[in-house]
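With PDB, C-alpha atoms, pLDDT in the B column inside, this is model-v1.pdb:
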```
MODEL        1
ATOM      1  CA  MET A   1      18.117  31.954  17.268  1.00 39.00           C
ATOM      2  CA  ASN A   2      19.300  28.402  17.040  1.00 45.00           C
ATOM      3  CA  PRO A   3      16.605  26.347  15.257  1.00 46.00           C
ATOM      4  CA  ILE A   4      17.009  23.646  17.911  1.00 51.00           C
ATOM      5  CA  ASP A   5      15.843  26.206  20.524  1.00 56.00           C
ATOM      6  CA  ASN A   6      12.592  26.589  18.593  1.00 63.00           C
ATOM      7  CA  PRO A   7      12.053  23.266  16.791  1.00 76.00           C
ATOM      8  CA  LYS A   8       9.465  22.802  14.114  1.00 89.00           C
ATOM      9  CA  ARG A   9       6.591  20.474  14.906  1.00 90.00           C
ATOM     10  CA  VAL A  10       4.933  18.309  12.257  1.00 90.00           C
ATOM     11  CA  LEU A  11       1.686  16.341  12.464  1.00 88.00           C
ATOM     12  CA  VAL A  12       2.126  12.877  10.925  1.00 90.00           C
ATOM     13  CA  THR A  13      -1.106  11.256   9.748  1.00 87.00           C
ATOM     14  CA  ARG A  14       0.208   8.011   8.240  1.00 86.00           C
ATOM     15  CA  PRO A  15      -1.169   4.696   9.543  1.00 83.00           C
ATOM     16  CA  GLU A  16       0.499   3.870  12.837  1.00 82.00           C
ATOM     17  CA  HIS A  17       2.383   0.836  11.496  1.00 78.00           C
ATOM     18  CA  GLN A  18       3.836   2.936   8.647  1.00 81.00           C
ATOM     19  CA  ALA A  19       4.630   6.179  10.464  1.00 83.00           C
ATOM     20  CA  ALA A  20       7.854   5.199  12.235  1.00 84.00           C
ATOM     21  CA  GLN A  21      10.218   5.720   9.293  1.00 85.00           C
ATOM     22  CA  LEU A  22       8.831   9.163   8.436  1.00 87.00           C
ATOM     23  CA  CYS A  23       8.945  10.224  12.089  1.00 88.00           C
ATOM     24  CA  GLU A  24      12.539   9.053  12.364  1.00 90.00           C
ATOM     25  CA  LEU A  25      13.600  10.979   9.261  1.00 90.00           C
ATOM     26  CA  LEU A  26      11.962  14.157  10.551  1.00 90.00           C
ATOM     27  CA  GLN A  27      13.491  13.751  13.991  1.00 90.00           C
ATOM     28  CA  GLN A  28      16.939  13.392  12.425  1.00 92.00           C
ATOM     29  CA  GLN A  29      16.397  16.941  11.152  1.00 90.00           C
ATOM     30  CA  GLN A  30      15.549  18.149  14.690  1.00 92.00           C
ATOM     31  CA  ILE A  31      11.843  18.303  13.816  1.00 90.00           C
ATOM     32  CA  GLN A  32       9.404  17.234  16.485  1.00 90.00           C
ATOM     33  CA  THR A  33       6.670  14.837  15.372  1.00 89.00           C
ATOM     34  CA  VAL A  34       3.133  14.404  16.624  1.00 88.00           C
ATOM     35  CA  LEU A  35       1.395  11.212  15.512  1.00 86.00           C
ATOM     36  CA  LEU A  36      -2.299  11.221  14.610  1.00 86.00           C
ATOM     37  CA  PRO A  37      -3.074   8.298  12.275  1.00 88.00           C
ATOM     38  CA  THR A  38      -6.081   9.171  10.131  1.00 85.00           C
ATOM     39  CA  ILE A  39      -6.216   5.759   8.449  1.00 86.00           C
ATOM     40  CA  ALA A  40      -5.959   2.255   9.868  1.00 84.00           C
ATOM     41  CA  ILE A  41      -5.490  -0.859   7.745  1.00 85.00           C
ATOM     42  CA  GLN A  42      -7.565  -3.944   8.553  1.00 85.00           C
ATOM     43  CA  PRO A  43      -7.820  -7.306   6.786  1.00 85.00           C
ATOM     44  CA  ILE A  44     -11.060  -7.931   4.931  1.00 86.00           C
ATOM     45  CA  ASP A  45     -13.205 -10.540   6.615  1.00 82.00           C
ATOM     46  CA  ASP A  46     -13.701 -12.601   3.464  1.00 82.00           C
ATOM     47  CA  ALA A  47     -11.218 -15.416   3.962  1.00 80.00           C
ATOM     48  CA  THR A  48     -13.232 -17.959   1.965  1.00 84.00           C
ATOM     49  CA  ARG A  49     -13.290 -15.848  -1.203  1.00 87.00           C
ATOM     50  CA  ILE A  50      -9.605 -14.952  -0.875  1.00 87.00           C
ATOM     51  CA  LYS A  51      -8.569 -18.582  -0.414  1.00 85.00           C
ATOM     52  CA  GLN A  52     -10.710 -19.643  -3.404  1.00 87.00           C
ATOM     53  CA  CYS A  53      -9.059 -16.999  -5.544  1.00 88.00           C
ATOM     54  CA  LEU A  54      -5.593 -18.108  -4.460  1.00 86.00           C
ATOM     55  CA  ALA A  55      -6.466 -21.753  -5.125  1.00 85.00           C
ATOM     56  CA  ASN A  56      -7.060 -20.742  -8.756  1.00 88.00           C
ATOM     57  CA  LEU A  57      -3.925 -18.604  -8.982  1.00 89.00           C
ATOM     58  CA  ASN A  58      -2.472 -20.687 -11.801  1.00 90.00           C
ATOM     59  CA  GLN A  59      -5.036 -19.270 -14.221  1.00 93.00           C
ATOM     60  CA  TYR A  60      -3.332 -15.850 -14.080  1.00 96.00           C
ATOM     61  CA  ASP A  61      -0.294 -14.701 -16.037  1.00 96.00           C
ATOM     62  CA  TRP A  62       0.430 -11.876 -13.591  1.00 97.00           C
ATOM     63  CA  LEU A  63      -0.245 -11.144  -9.942  1.00 96.00           C
ATOM     64  CA  ILE A  64       0.277  -7.430  -9.223  1.00 97.00           C
ATOM     65  CA  PHE A  65       0.706  -6.062  -5.707  1.00 96.00           C
ATOM     66  CA  VAL A  66      -0.088  -2.340  -5.562  1.00 94.00           C
ATOM     67  CA  SER A  67       1.238  -1.670  -2.050  1.00 92.00           C
ATOM     68  CA  SER A  68       3.081  -3.175   0.882  1.00 91.00           C
ATOM     69  CA  ASN A  69      -0.286  -3.266   2.680  1.00 90.00           C
ATOM     70  CA  ALA A  70      -1.595  -5.548  -0.062  1.00 93.00           C
ATOM     71  CA  VAL A  71       1.325  -7.907   0.554  1.00 93.00           C
ATOM     72  CA  THR A  72       0.973  -7.858   4.338  1.00 90.00           C
ATOM     73  CA  MET A  73      -2.773  -8.392   4.325  1.00 90.00           C
ATOM     74  CA  LEU A  74      -2.614 -11.188   1.748  1.00 89.00           C
ATOM     75  CA  TYR A  75      -0.029 -12.876   3.973  1.00 87.00           C
ATOM     76  CA  TYR A  76      -2.534 -12.599   6.826  1.00 81.00           C
ATOM     77  CA  HIS A  77      -4.883 -14.872   4.852  1.00 79.00           C
ATOM     78  CA  LEU A  78      -2.315 -17.473   3.759  1.00 79.00           C
ATOM     79  CA  ASP A  79      -2.372 -20.907   5.368  1.00 72.00           C
ATOM     80  CA  ASP A  80       0.935 -21.356   7.206  1.00 72.00           C
ATOM     81  CA  GLY A  81       2.149 -18.205   5.452  1.00 69.00           C
ATOM     82  CA  ARG A  82       2.580 -20.056   2.162  1.00 76.00           C
ATOM     83  CA  MET A  83       1.436 -18.889  -1.240  1.00 77.00           C
ATOM     84  CA  PRO A  84      -0.133 -21.659  -3.357  1.00 77.00           C
ATOM     85  CA  HIS A  85       2.406 -23.068  -5.806  1.00 76.00           C
ATOM     86  CA  THR A  86       2.095 -21.849  -9.376  1.00 75.00           C
ATOM     87  CA  THR A  87       4.338 -22.495 -12.337  1.00 79.00           C
ATOM     88  CA  ARG A  88       2.632 -19.965 -14.568  1.00 88.00           C
ATOM     89  CA  THR A  89       1.996 -16.803 -12.579  1.00 94.00           C
ATOM     90  CA  ARG A  90       4.614 -14.082 -12.400  1.00 95.00           C
ATOM     91  CA  LEU A  91       4.547 -11.559  -9.554  1.00 96.00           C
ATOM     92  CA  ALA A  92       4.914  -7.796  -9.985  1.00 97.00           C
ATOM     93  CA  ALA A  93       5.472  -5.038  -7.421  1.00 96.00           C
ATOM     94  CA  ILE A  94       4.487  -1.426  -7.945  1.00 95.00           C
ATOM     95  CA  GLY A  95       7.699  -0.211  -6.312  1.00 93.00           C
ATOM     96  CA  ALA A  96      10.679  -1.004  -4.116  1.00 92.00           C
ATOM     97  CA  THR A  97       8.822  -0.899  -0.785  1.00 90.00           C
ATOM     98  CA  THR A  98       6.239  -3.351  -2.080  1.00 94.00           C
ATOM     99  CA  ALA A  99       8.965  -5.578  -3.534  1.00 95.00           C
ATOM    100  CA  ASN A 100      10.773  -5.619  -0.174  1.00 94.00           C
ATOM    101  CA  ALA A 101       7.538  -6.622   1.563  1.00 93.00           C
ATOM    102  CA  MET A 102       7.101  -9.461  -0.944  1.00 93.00           C
ATOM    103  CA  MET A 103      10.623 -10.745  -0.464  1.00 94.00           C
ATOM    104  CA  SER A 104      10.290 -10.532   3.325  1.00 92.00           C
ATOM    105  CA  ILE A 105       7.570 -13.207   3.210  1.00 89.00           C
ATOM    106  CA  GLY A 106       9.379 -15.331   0.640  1.00 89.00           C
ATOM    107  CA  LEU A 107       7.578 -14.253  -2.519  1.00 91.00           C
ATOM    108  CA  PRO A 108       9.556 -13.852  -5.752  1.00 92.00           C
ATOM    109  CA  VAL A 109       9.521 -10.515  -7.548  1.00 95.00           C
ATOM    110  CA  HIS A 110       9.545 -10.998 -11.312  1.00 96.00           C
ATOM    111  CA  LEU A 111       8.852  -7.377 -12.218  1.00 96.00           C
ATOM    112  CA  ILE A 112       9.470  -4.026 -10.568  1.00 96.00           C
ATOM    113  CA  PRO A 113       9.711  -0.615 -12.295  1.00 94.00           C
ATOM    114  CA  SER A 114      13.286   0.545 -12.622  1.00 89.00           C
ATOM    115  CA  HIS A 115      12.201   4.135 -11.952  1.00 86.00           C
ATOM    116  CA  GLY A 116       9.331   5.294  -9.786  1.00 80.00           C
ATOM    117  CA  TYR A 117       6.799   3.562  -7.578  1.00 84.00           C
ATOM    118  CA  SER A 118       3.404   4.185  -9.145  1.00 88.00           C
ATOM    119  CA  SER A 119       0.899   2.596 -11.494  1.00 91.00           C
ATOM    120  CA  GLU A 120       2.317   4.756 -14.272  1.00 93.00           C
ATOM    121  CA  ALA A 121       5.833   3.443 -13.648  1.00 93.00           C
ATOM    122  CA  LEU A 122       4.638  -0.159 -13.716  1.00 95.00           C
ATOM    123  CA  LEU A 123       2.577   0.417 -16.862  1.00 95.00           C
ATOM    124  CA  ALA A 124       5.665   1.870 -18.574  1.00 94.00           C
ATOM    125  CA  THR A 125       7.597  -1.393 -18.243  1.00 95.00           C
ATOM    126  CA  ALA A 126       8.017  -3.488 -21.377  1.00 95.00           C
ATOM    127  CA  GLU A 127       6.207  -6.426 -19.787  1.00 96.00           C
ATOM    128  CA  MET A 128       3.056  -4.384 -19.093  1.00 97.00           C
ATOM    129  CA  GLN A 129       3.074  -2.939 -22.617  1.00 94.00           C
ATOM    130  CA  GLN A 130       2.436  -6.371 -24.158  1.00 93.00           C
ATOM    131  CA  VAL A 131      -0.463  -7.902 -22.207  1.00 96.00           C
ATOM    132  CA  ASN A 132      -2.971  -8.664 -24.940  1.00 97.00           C
ATOM    133  CA  GLN A 133      -5.031 -11.751 -23.960  1.00 97.00           C
ATOM    134  CA  GLN A 134      -3.103 -12.111 -20.697  1.00 97.00           C
ATOM    135  CA  THR A 135      -4.904 -12.604 -17.383  1.00 97.00           C
ATOM    136  CA  ILE A 136      -3.947 -10.352 -14.483  1.00 97.00           C
ATOM    137  CA  LEU A 137      -4.962 -10.334 -10.821  1.00 96.00           C
ATOM    138  CA  ILE A 138      -4.460  -7.072  -8.919  1.00 96.00           C
ATOM    139  CA  VAL A 139      -4.118  -7.400  -5.142  1.00 95.00           C
ATOM    140  CA  ARG A 140      -5.227  -4.209  -3.450  1.00 93.00           C
ATOM    141  CA  GLY A 141      -7.381  -2.600  -0.783  1.00 90.00           C
ATOM    142  CA  GLU A 142     -11.122  -2.293  -0.951  1.00 88.00           C
ATOM    143  CA  GLY A 143     -12.184   0.488  -3.310  1.00 81.00           C
ATOM    144  CA  GLY A 144      -8.732   1.169  -4.743  1.00 74.00           C
ATOM    145  CA  LEU A 145      -8.031   3.263  -7.820  1.00 76.00           C
ATOM    146  CA  GLU A 146      -9.191   1.942 -11.190  1.00 86.00           C
ATOM    147  CA  ASP A 147      -6.547   3.462 -13.494  1.00 92.00           C
ATOM    148  CA  LEU A 148      -4.164   0.488 -13.512  1.00 94.00           C
ATOM    149  CA  ALA A 149      -6.855  -2.032 -14.455  1.00 95.00           C
ATOM    150  CA  ALA A 150      -8.455   0.312 -16.985  1.00 96.00           C
ATOM    151  CA  ILE A 151      -5.213   0.802 -18.907  1.00 97.00           C
ATOM    152  CA  LEU A 152      -4.317  -2.899 -18.793  1.00 97.00           C
ATOM    153  CA  ARG A 153      -7.779  -3.723 -20.155  1.00 97.00           C
ATOM    154  CA  SER A 154      -7.326  -1.142 -22.916  1.00 97.00           C
ATOM    155  CA  ARG A 155      -4.182  -3.092 -23.870  1.00 97.00           C
ATOM    156  CA  GLY A 156      -6.211  -6.291 -24.188  1.00 97.00           C
ATOM    157  CA  ALA A 157      -5.675  -7.877 -20.770  1.00 97.00           C
ATOM    158  CA  HIS A 158      -8.337  -9.632 -18.699  1.00 97.00           C
ATOM    159  CA  VAL A 159      -8.114  -8.093 -15.223  1.00 97.00           C
ATOM    160  CA  ASP A 160      -9.571  -9.197 -11.883  1.00 95.00           C
ATOM    161  CA  TYR A 161      -9.257  -7.693  -8.420  1.00 94.00           C
ATOM    162  CA  LEU A 162      -8.510  -9.346  -5.116  1.00 93.00           C
ATOM    163  CA  ALA A 163      -9.281  -6.954  -2.248  1.00 93.00           C
ATOM    164  CA  VAL A 164      -7.491  -8.120   0.904  1.00 92.00           C
ATOM    165  CA  TYR A 165      -7.784  -5.100   3.208  1.00 90.00           C
ATOM    166  CA  LYS A 166      -9.909  -2.100   3.998  1.00 88.00           C
ATOM    167  CA  ARG A 167      -9.080   1.368   5.241  1.00 86.00           C
ATOM    168  CA  VAL A 168     -10.939   2.608   8.303  1.00 87.00           C
ATOM    169  CA  THR A 169     -10.845   5.764  10.397  1.00 87.00           C
ATOM    170  CA  PRO A 170      -9.138   4.949  13.704  1.00 85.00           C
ATOM    171  CA  LYS A 171     -10.544   6.190  16.979  1.00 84.00           C
ATOM    172  CA  SER A 172      -8.165   8.792  18.338  1.00 78.00           C
ATOM    173  CA  ASP A 173      -8.006  11.185  21.256  1.00 78.00           C
ATOM    174  CA  THR A 174      -7.522  14.524  19.513  1.00 80.00           C
ATOM    175  CA  ALA A 175      -7.322  16.681  22.645  1.00 82.00           C
ATOM    176  CA  ILE A 176      -3.561  17.195  22.301  1.00 80.00           C
ATOM    177  CA  ILE A 177      -3.922  18.039  18.603  1.00 81.00           C
ATOM    178  CA  ASP A 178      -6.741  20.486  19.326  1.00 83.00           C
ATOM    179  CA  SER A 179      -4.591  22.199  21.925  1.00 85.00           C
ATOM    180  CA  LEU A 180      -1.587  22.447  19.582  1.00 82.00           C
ATOM    181  CA  LEU A 181      -3.780  23.883  16.835  1.00 81.00           C
ATOM    182  CA  GLN A 182      -5.347  26.474  19.134  1.00 84.00           C
ATOM    183  CA  GLN A 183      -1.903  27.539  20.301  1.00 85.00           C
ATOM    184  CA  GLN A 184      -0.637  27.544  16.690  1.00 85.00           C
ATOM    185  CA  GLN A 185       2.123  25.105  17.618  1.00 84.00           C
ATOM    186  CA  LEU A 186       1.885  22.880  14.568  1.00 87.00           C
ATOM    187  CA  ASP A 187       4.058  24.054  11.687  1.00 89.00           C
ATOM    188  CA  ALA A 188       3.014  21.478   9.100  1.00 88.00           C
ATOM    189  CA  LEU A 189       1.104  18.273   8.560  1.00 85.00           C
ATOM    190  CA  THR A 190       1.744  15.357   6.244  1.00 88.00           C
ATOM    191  CA  ILE A 191      -0.988  13.962   4.003  1.00 86.00           C
ATOM    192  CA  THR A 192      -0.391  10.984   1.714  1.00 81.00           C
ATOM    193  CA  SER A 193      -3.891  10.477   0.336  1.00 79.00           C
ATOM    194  CA  VAL A 194      -7.213  12.246  -0.167  1.00 82.00           C
ATOM    195  CA  GLU A 195      -8.831   9.730   2.177  1.00 82.00           C
ATOM    196  CA  ALA A 196      -6.356  10.574   4.943  1.00 83.00           C
ATOM    197  CA  LEU A 197      -7.146  14.269   4.493  1.00 83.00           C
ATOM    198  CA  ASN A 198     -10.910  13.678   4.605  1.00 84.00           C
ATOM    199  CA  ASN A 199     -10.612  11.598   7.759  1.00 79.00           C
TER
ENDMDL
END
```

File written out as structure tokens:
Amino acid sequence: MNPIDNPKRVLVTRPEHQAAQLCELLQQQQIQTVLLPTIAIQPIDDATRIKQCLANLNQYDWLIFVSSNAVTMLYYHLDDGRMPHTTRTRLAAIGATTANAMMSIGLPVHLIPSHGYSSEALLATAEMQQVNQQTILIVRGEGGLEDLAAILRSRGAHVDYLAVYKRVTPKSDTAIIDSLLQQQQLDALTITSVEALNN
């Protein structure tokens, strides 16, 4: 039987604004996709605190973005889309996707891991090996992982967080998904985080 006559069907659970590329790649392989976002990204309603933190940006040696969502949601809070000017602070991206998001809004990228796109890859760079007495601000979502900050602190850095977004469970009509499951017409599902799986 030609596989196109009986295509595979995959449930994609990525946030709606991030699912398009994965769906397109699957569809190029003649795989049908069904979209059910199990996480939605929303800006944190704490504009005053975020703006105060950015106004004091020059006190930090490094500003680390841990995801493209962190970049996008920080941009949401910027006046006229402009980052406060700083002559001291260097900007780091956890990977290529995050770096591209930074450059798309006009932010410089001073550091990106040459291999990988994880906290471990960033921590392996020479710049993040020598951070004793440096001040670092990590831009992330609410309740993000602690490993990056913990290791930087163990290397002598002073680390603060700036949470700019939160993850919520979107309201979805699951009737189609329920029907596909009952008929055993879903061949696989994609999960990119524990939180997505729980939701």

Just the residues within 10 Å of region 20-28 of chain A, please, counting only C-alpha atoms, with nothing from its chain fewer than 4 positions along; format it as a PyMOL selection string.
-> chain A and resi 8-12+14-16+32-35+190

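The result of the PyMOL selection byres ((chain A and resi 70) around 8) on the shown file is Phe65, Val66, Ser67, Ser68, Asn69, Val71, Thr72, Met73, Leu74, Val139, Arg140, Gly141, Val164 and Tyr165 of chain A.
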
Contacts of region 7-56 of chain A with region 75-84 of chain A up to 8 Å, shortest pair per row, all atoms listed in the file, as a Markdown table:
```
| residue | atom | partner | partner_atom | distance |
| --- | --- | --- | --- | --- |
| A:Pro43 | CA | A:Tyr76 | CA | 7.5 |
| A:Ala47 | CA | A:His77 | CA | 6.4 |
| A:Ile50 | CA | A:His77 | CA | 7.4 |
| A:Lys51 | CA | A:His77 | CA | 7.4 |
| A:Leu54 | CA | A:Pro84 | CA | 6.6 |
| A:Ala55 | CA | A:Pro84 | CA | 6.6 |
```

Ile138 (chain A): which residues within 8 Å, counting only C-alpha atoms, same-chain residues fewer than 2 positions away excluded, as a PyMOL selection string?
-> chain A and resi 63-66+136+140+149+159-162

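Neighbours of region 168-180 of chain A closer than or equal to 8 Å, with only C-alpha atoms counted and sequence neighbours fewer than 3 positions away skipped, come out as A:Leu36, A:Pro37, A:Thr38, A:Ile39, A:Ala40, A:Ile41, A:Gln42, A:Gln183, A:Gln184, A:Gln185, A:Leu186, A:Asn199.
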
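Atom to atom, CA of Arg155 (chain A) and CA of Met128 (chain A) stand 8.8 Å apart.
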
Counting only C-alpha atoms, the option among A:Leu57, A:Ala92, A:Ala101, A:Ile44 closest to Lys166 (chain A) = A:Ile44

Written-out region 38-55 of chain A (N, CA, C and O atoms) as an mmCIF file, in the first residue's frame:
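Writing the result to decode-v5.cif gives the following:
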```
data_model
loop_
_atom_site.group_PDB
_atom_site.id
_atom_site.type_symbol
_atom_site.label_atom_id
_atom_site.label_comp_id
_atom_site.auth_asym_id
_atom_site.auth_seq_id
_atom_site.Cartn_x
_atom_site.Cartn_y
_atom_site.Cartn_z
ATOM 1 N N THR A 38 -1.421 22.893 23.881
ATOM 2 C CA THR A 38 -1.658 22.635 25.306
ATOM 3 C C THR A 38 -1.010 23.690 26.187
ATOM 4 O O THR A 38 -1.133 23.630 27.409
ATOM 5 N N ILE A 39 -0.339 24.648 25.561
ATOM 6 C CA ILE A 39 0.230 25.794 26.279
ATOM 7 C C ILE A 39 -0.002 27.045 25.443
ATOM 8 O O ILE A 39 0.123 27.014 24.218
ATOM 9 N N ALA A 40 -0.358 28.123 26.126
ATOM 10 C CA ALA A 40 -0.414 29.443 25.483
ATOM 11 C C ALA A 40 0.525 30.369 26.244
ATOM 12 O O ALA A 40 0.703 30.220 27.459
ATOM 13 N N ILE A 41 1.145 31.273 25.524
ATOM 14 C CA ILE A 41 2.095 32.222 26.115
ATOM 15 C C ILE A 41 1.430 33.586 26.227
ATOM 16 O O ILE A 41 0.900 34.102 25.243
ATOM 17 N N GLN A 42 1.457 34.154 27.436
ATOM 18 C CA GLN A 42 0.863 35.473 27.660
ATOM 19 C C GLN A 42 1.859 36.367 28.386
ATOM 20 O O GLN A 42 2.601 35.892 29.252
ATOM 21 N N PRO A 43 1.871 37.659 28.046
ATOM 22 C CA PRO A 43 2.764 38.576 28.777
ATOM 23 C C PRO A 43 2.335 38.701 30.232
ATOM 24 O O PRO A 43 1.141 38.629 30.544
ATOM 25 N N ILE A 44 3.295 38.864 31.113
ATOM 26 C CA ILE A 44 2.996 39.086 32.521
ATOM 27 C C ILE A 44 2.514 40.524 32.703
ATOM 28 O O ILE A 44 3.080 41.457 32.145
ATOM 29 N N ASP A 45 1.468 40.656 33.477
ATOM 30 C CA ASP A 45 0.896 41.985 33.714
ATOM 31 C C ASP A 45 1.628 42.654 34.874
ATOM 32 O O ASP A 45 1.091 42.816 35.969
ATOM 33 N N ASP A 46 2.881 42.987 34.631
ATOM 34 C CA ASP A 46 3.721 43.626 35.651
ATOM 35 C C ASP A 46 4.640 44.623 34.951
ATOM 36 O O ASP A 46 5.855 44.616 35.138
ATOM 37 N N ALA A 47 4.034 45.467 34.135
ATOM 38 C CA ALA A 47 4.810 46.374 33.284
ATOM 39 C C ALA A 47 5.704 47.302 34.092
ATOM 40 O O ALA A 47 6.839 47.589 33.692
ATOM 41 N N THR A 48 5.217 47.761 35.248
ATOM 42 C CA THR A 48 5.994 48.710 36.050
ATOM 43 C C THR A 48 7.309 48.090 36.502
ATOM 44 O O THR A 48 8.383 48.698 36.358
ATOM 45 N N ARG A 49 7.245 46.878 37.029
ATOM 46 C CA ARG A 49 8.458 46.199 37.506
ATOM 47 C C ARG A 49 9.418 45.933 36.348
ATOM 48 O O ARG A 49 10.635 46.115 36.475
ATOM 49 N N ILE A 50 8.886 45.506 35.218
ATOM 50 C CA ILE A 50 9.732 45.198 34.061
ATOM 51 C C ILE A 50 10.435 46.462 33.565
ATOM 52 O O ILE A 50 11.643 46.456 33.294
ATOM 53 N N LYS A 51 9.710 47.562 33.483
ATOM 54 C CA LYS A 51 10.304 48.809 33.016
ATOM 55 C C LYS A 51 11.353 49.323 34.004
ATOM 56 O O LYS A 51 12.389 49.862 33.604
ATOM 57 N N GLN A 52 11.110 49.142 35.309
ATOM 58 C CA GLN A 52 12.096 49.551 36.315
ATOM 59 C C GLN A 52 13.371 48.739 36.174
ATOM 60 O O GLN A 52 14.483 49.272 36.266
ATOM 61 N N CYS A 53 13.206 47.447 35.937
ATOM 62 C CA CYS A 53 14.366 46.577 35.769
ATOM 63 C C CYS A 53 15.168 46.982 34.537
ATOM 64 O O CYS A 53 16.396 47.064 34.581
ATOM 65 N N LEU A 54 14.473 47.276 33.448
ATOM 66 C CA LEU A 54 15.154 47.672 32.220
ATOM 67 C C LEU A 54 15.835 49.025 32.360
ATOM 68 O O LEU A 54 16.887 49.262 31.769
ATOM 69 N N ALA A 55 15.236 49.905 33.172
ATOM 70 C CA ALA A 55 15.843 51.229 33.387
ATOM 71 C C ALA A 55 17.192 51.107 34.092
ATOM 72 O O ALA A 55 18.054 51.978 33.962
#
```
